[in-house]
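S.K.: You'll find input-v7.pdb just under this line, and it carries PDB, C-alpha atoms.
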ATOM      1  CA  MET A  23     -28.596   3.016  -5.889
ATOM      2  CA  PRO A  24     -28.066   0.044  -3.536
ATOM      3  CA  ILE A  25     -27.703  -3.510  -4.793
ATOM      4  CA  TYR A  26     -29.659  -6.216  -2.965
ATOM      5  CA  ASP A  27     -29.680 -10.022  -2.970
ATOM      6  CA  TYR A  28     -32.799 -12.079  -2.277
ATOM      7  CA  GLU A  29     -33.386 -15.738  -1.478
ATOM      8  CA  CYS A  30     -36.585 -17.810  -1.582
ATOM      9  CA  ARG A  31     -37.670 -19.556   1.615
ATOM     10  CA  ASP A  32     -39.597 -22.197  -0.290
ATOM     11  CA  CYS A  33     -37.368 -23.311  -3.172
ATOM     12  CA  GLY A  34     -34.007 -21.767  -2.207
ATOM     13  CA  ALA A  35     -33.680 -19.770  -5.441
ATOM     14  CA  GLU A  36     -31.269 -16.854  -5.296
ATOM     15  CA  VAL A  37     -31.897 -13.501  -6.943
ATOM     16  CA  SER A  38     -28.652 -11.534  -7.060
ATOM     17  CA  ASP A  39     -27.693  -7.945  -7.799
ATOM     18  CA  VAL A  40     -31.124  -6.305  -7.730
ATOM     19  CA  PHE A  41     -30.820  -2.521  -8.147
ATOM     20  CA  GLN A  42     -33.439  -0.828  -5.972
ATOM     21  CA  LYS A  43     -33.921   2.501  -4.322
ATOM     22  CA  VAL A  44     -34.075   2.459  -0.555
ATOM     23  CA  THR A  45     -37.690   3.639  -0.790
ATOM     24  CA  ASP A  46     -38.739   0.868  -3.240
ATOM     25  CA  PRO A  47     -40.796  -2.004  -1.777
ATOM     26  CA  GLU A  48     -38.992  -5.311  -1.257
ATOM     27  CA  LEU A  49     -39.453  -8.100  -3.790
ATOM     28  CA  THR A  50     -41.840 -10.759  -2.517
ATOM     29  CA  VAL A  51     -42.661 -13.050  -5.471
ATOM     30  CA  CYS A  52     -40.079 -15.721  -6.316
ATOM     31  CA  PRO A  53     -39.247 -15.750 -10.053
ATOM     32  CA  LYS A  54     -38.697 -19.532  -9.977
ATOM     33  CA  CYS A  55     -41.591 -21.010  -7.949
ATOM     34  CA  PHE A  56     -43.835 -17.902  -7.982
ATOM     35  CA  SER A  57     -44.361 -18.193  -4.229
ATOM     36  CA  GLU A  58     -45.962 -15.086  -2.718
ATOM     37  CA  SER A  59     -43.935 -13.745   0.226
ATOM     38  CA  GLY A  60     -41.242 -16.380  -0.401
ATOM     39  CA  LEU A  61     -38.367 -13.971  -0.975
ATOM     40  CA  PHE A  62     -36.373 -12.376   1.801
ATOM     41  CA  LYS A  63     -33.466  -9.950   1.687
ATOM     42  CA  VAL A  64     -30.040 -11.501   2.284
ATOM     43  CA  ILE A  65     -27.773  -9.367   4.421
ATOM     44  CA  THR A  66     -24.356  -8.981   2.840
ATOM     45  CA  GLY A  67     -21.252  -7.022   3.767
ATOM     46  CA  GLY A  68     -21.955  -4.401   1.135
ATOM     47  CA  LEU A  69     -21.682  -1.117   3.003
ATOM     48  CA  HIS A  70     -18.274   0.164   4.016
ATOM     49  CA  GLY A  71     -17.333   3.491   5.437
ATOM     50  CA  PHE A  72     -14.595   5.230   7.357
ATOM     51  CA  MET A  73     -14.905   7.864  10.016
ATOM     52  CA  ALA A  74     -12.387  10.518  10.896
ATOM     53  CA  GLY A  75     -10.243   9.321  13.745
ATOM     54  CA  SER A  76     -10.973   5.651  13.138
ATOM     55  CA  ASN A  77      -8.139   3.156  13.323
ATOM     56  CA  THR A  78      -7.272   1.839   9.891
ATOM     57  CA  ILE A  79      -4.138  -0.139   9.111
ATOM     58  CA  GLY A  80      -2.611   2.892   7.410
ATOM     59  CA  SER A  81      -3.310   5.258  10.305
ATOM     60  CA  ILE A  82      -1.902   2.749  12.820
ATOM     61  CA  ALA A  83       1.245   2.332  10.698
ATOM     62  CA  ASP A  84       1.680   6.116  10.437
ATOM     63  CA  ARG A  85       1.239   6.563  14.178
ATOM     64  CA  ASN A  86       3.690   3.731  14.981
ATOM     65  CA  THR A  87       6.254   5.201  12.581
ATOM     66  CA  LYS A  88       6.025   8.589  14.291
ATOM     67  CA  LEU A  89       6.264   7.089  17.778
ATOM     68  CA  ASN A  90       9.166   4.739  16.953
ATOM     69  CA  LYS A  91      11.141   6.939  14.571
ATOM     70  CA  GLY A  92      14.281   6.888  16.749
ATOM     71  CA  ARG A  93      14.192   3.124  17.125
ATOM     72  CA  ILE A  94      13.651   2.654  13.381
ATOM     73  CA  ASN A  95      16.641   4.899  12.566
ATOM     74  CA  GLU A  96      18.758   3.001  15.098
ATOM     75  CA  MET A  97      17.796  -0.344  13.555
ATOM     76  CA  GLU A  98      18.641   0.938  10.071
ATOM     77  CA  ALA A  99      22.059   2.093  11.308
ATOM     78  CA  MET A 100      22.700  -1.299  12.927
ATOM     79  CA  LYS A 101      21.742  -3.026   9.690
ATOM     80  CA  LYS A 102      24.224  -0.874   7.752
ATOM     81  CA  GLU A 103      26.954  -1.684  10.292
ATOM     82  CA  ARG A 104      26.323  -5.422   9.967
ATOM     83  CA  ASN A 105      26.238  -5.302   6.168
ATOM     84  CA  PRO A 106      28.550  -2.511   5.042
ATOM     85  CA  GLU A 107      28.652  -1.638   1.388
ATOM     86  CA  PRO A 108      31.645  -3.270  -0.282
ATOM     87  CA  LYS A 109      34.427  -0.888  -1.246
ATOM     88  CA  LYS A 110      34.352  -0.100  -4.922
ATOM     89  CA  PRO A 111      37.326  -1.005  -7.067
ATOM     90  CA  TRP A 112      39.613   1.864  -8.081
ATOM     91  CA  TYR A 113      38.097   2.145 -11.546
ATOM     92  CA  GLN A 114      34.591   2.756 -10.178
ATOM     93  CA  THR A 115      35.420   5.439  -7.614
ATOM     94  CA  GLN A 116      34.670   9.040  -8.351
ATOM     95  CA  GLY A 117      36.589  12.024  -7.166
ATOM     96  CA  ASN A 118      34.998  15.144  -5.828
ATOM     97  CA  LYS A 119      37.449  17.695  -7.232
ATOM     98  CA  SER A 120      36.370  20.408  -9.619
ATOM     99  CA  MET A 121      38.033  20.976 -13.007
ATOM    100  CA  LYS A 122      39.693  24.057 -11.561
ATOM    101  CA  ASP A 123      41.304  21.942  -8.810
ATOM    102  CA  ILE A 124      42.357  19.239 -11.275
ATOM    103  CA  ASN A 125      44.002  21.793 -13.589
ATOM    104  CA  LYS A 126      46.125  23.026 -10.651
ATOM    105  CA  MET A 127      47.507  19.507 -10.034
ATOM    106  CA  THR A 128      50.823  18.235 -11.306
ATOM    107  CA  ASP A 129      50.874  15.214 -13.623
ATOM    108  CA  LYS A 130      51.874  12.963 -10.710
ATOM    109  CA  GLN A 131      48.974  14.287  -8.581
ATOM    110  CA  LYS A 132      46.552  13.821 -11.504
ATOM    111  CA  ALA A 133      47.654  10.202 -11.943
ATOM    112  CA  LYS A 134      47.216   9.558  -8.212
ATOM    113  CA  TYR A 135      43.799  11.274  -8.281
ATOM    114  CA  ILE A 136      42.691   9.192 -11.277
ATOM    115  CA  MET A 137      43.895   5.928  -9.729
ATOM    116  CA  GLY A 138      42.708   6.548  -6.166
ATOM    117  CA  GLY A 139      39.902   9.034  -6.485
ATOM    118  CA  ASP A 140      41.269  11.101  -3.588
TER
END
As structure tokens, how would this structure be written, given the file I've shared?
M.R.:
Amino acid sequence: MPIYDYECRDCGAEVSDVFQKVTDPELTVCPKCFSESGLFKVITGGLHGFMAGSNTIGSIADRNTKLNKGRINEMEAMKKERNPEPKKPWYQTQGNKSMKDINKMTDKQKAKYIMGGD
């Protein structure tokens, strides 16, 4: 059910948030000054709707992302080149060897692997 606002031409009284069916007759009597035909409907920005294919901010952003994907990836790569990640200290690096590979190493190789992560 739509919500309407009314205003009186004579005394300026405002009647807000009136629930009415579209088929109901408009209010005409002012509740403040009791003027007949004093009230008129105030047009507000109440109705909103979207149509398929309309340009919303989200659809424009999606379309621009698809069109400029290469440029966006290039800019991200340039940003990473300008600000490379700092190299981690030796005690924070992780190796990529499996336990099977580590068990095959000599003690000297294990020490080097633990210290360097390679």
S.K.: Apply the PyMOL selection byres ((chain A and resi 31-35) around 7) to the displayed file and report the matching residues as a list in words.
M.R.: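 Selected by the PyMOL selection byres ((chain A and resi 31-35) around 7) here: Glu29, Cys30, Glu36, Val37, Lys54, Cys55, Gly60 and Leu61 of chain A.
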S.K.: Rounded to one decimal in Å, what is the spacing between CA of Met121 (chain A) and CA of Lys134 (chain A)?
M.R.: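 Pair CA of Met121 (chain A) / CA of Lys134 (chain A) returns 15.4 Å.
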S.K.: Determine, counting only C-alpha atoms, which protein, DNA and RNA residues have an atom within 9 Å of an atom of Asp39 (chain A); residues of the same chain fewer than 6 positions away are not included. Present the result as JSON, numbers by chain.
M.R.: {"A": [25, 26, 27, 28]}
S.K.: Rounded to one decimal place, report the CA of Phe56 (chain A)-CA of Val40 (chain A) distance in Å.
M.R.: 17.2 Å
S.K.: CA of Gln42 (chain A) to CA of Lys63 (chain A): how many Å, to one decimal?
M.R.: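 Interatomic distance here is 11.9 Å.
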S.K.: Every residue with an atom at most 7 Å from (-38.4, -7.9, -1.6) (file coordinates; all atoms listed in the file) is what I'm after, so could you write them as a ChimeraX atom specification?
M.R.: /A:47-50,61-63
S.K.: Ranking A:Tyr135, A:Glu107, A:Pro24, A:Gly117 by minimum distance to Phe41 (chain A) and counting only C-alpha atoms, which one comes first?
M.R.: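 Once distances to Phe41 (chain A) are computed over only C-alpha atoms, the minimum belongs to A:Pro24.
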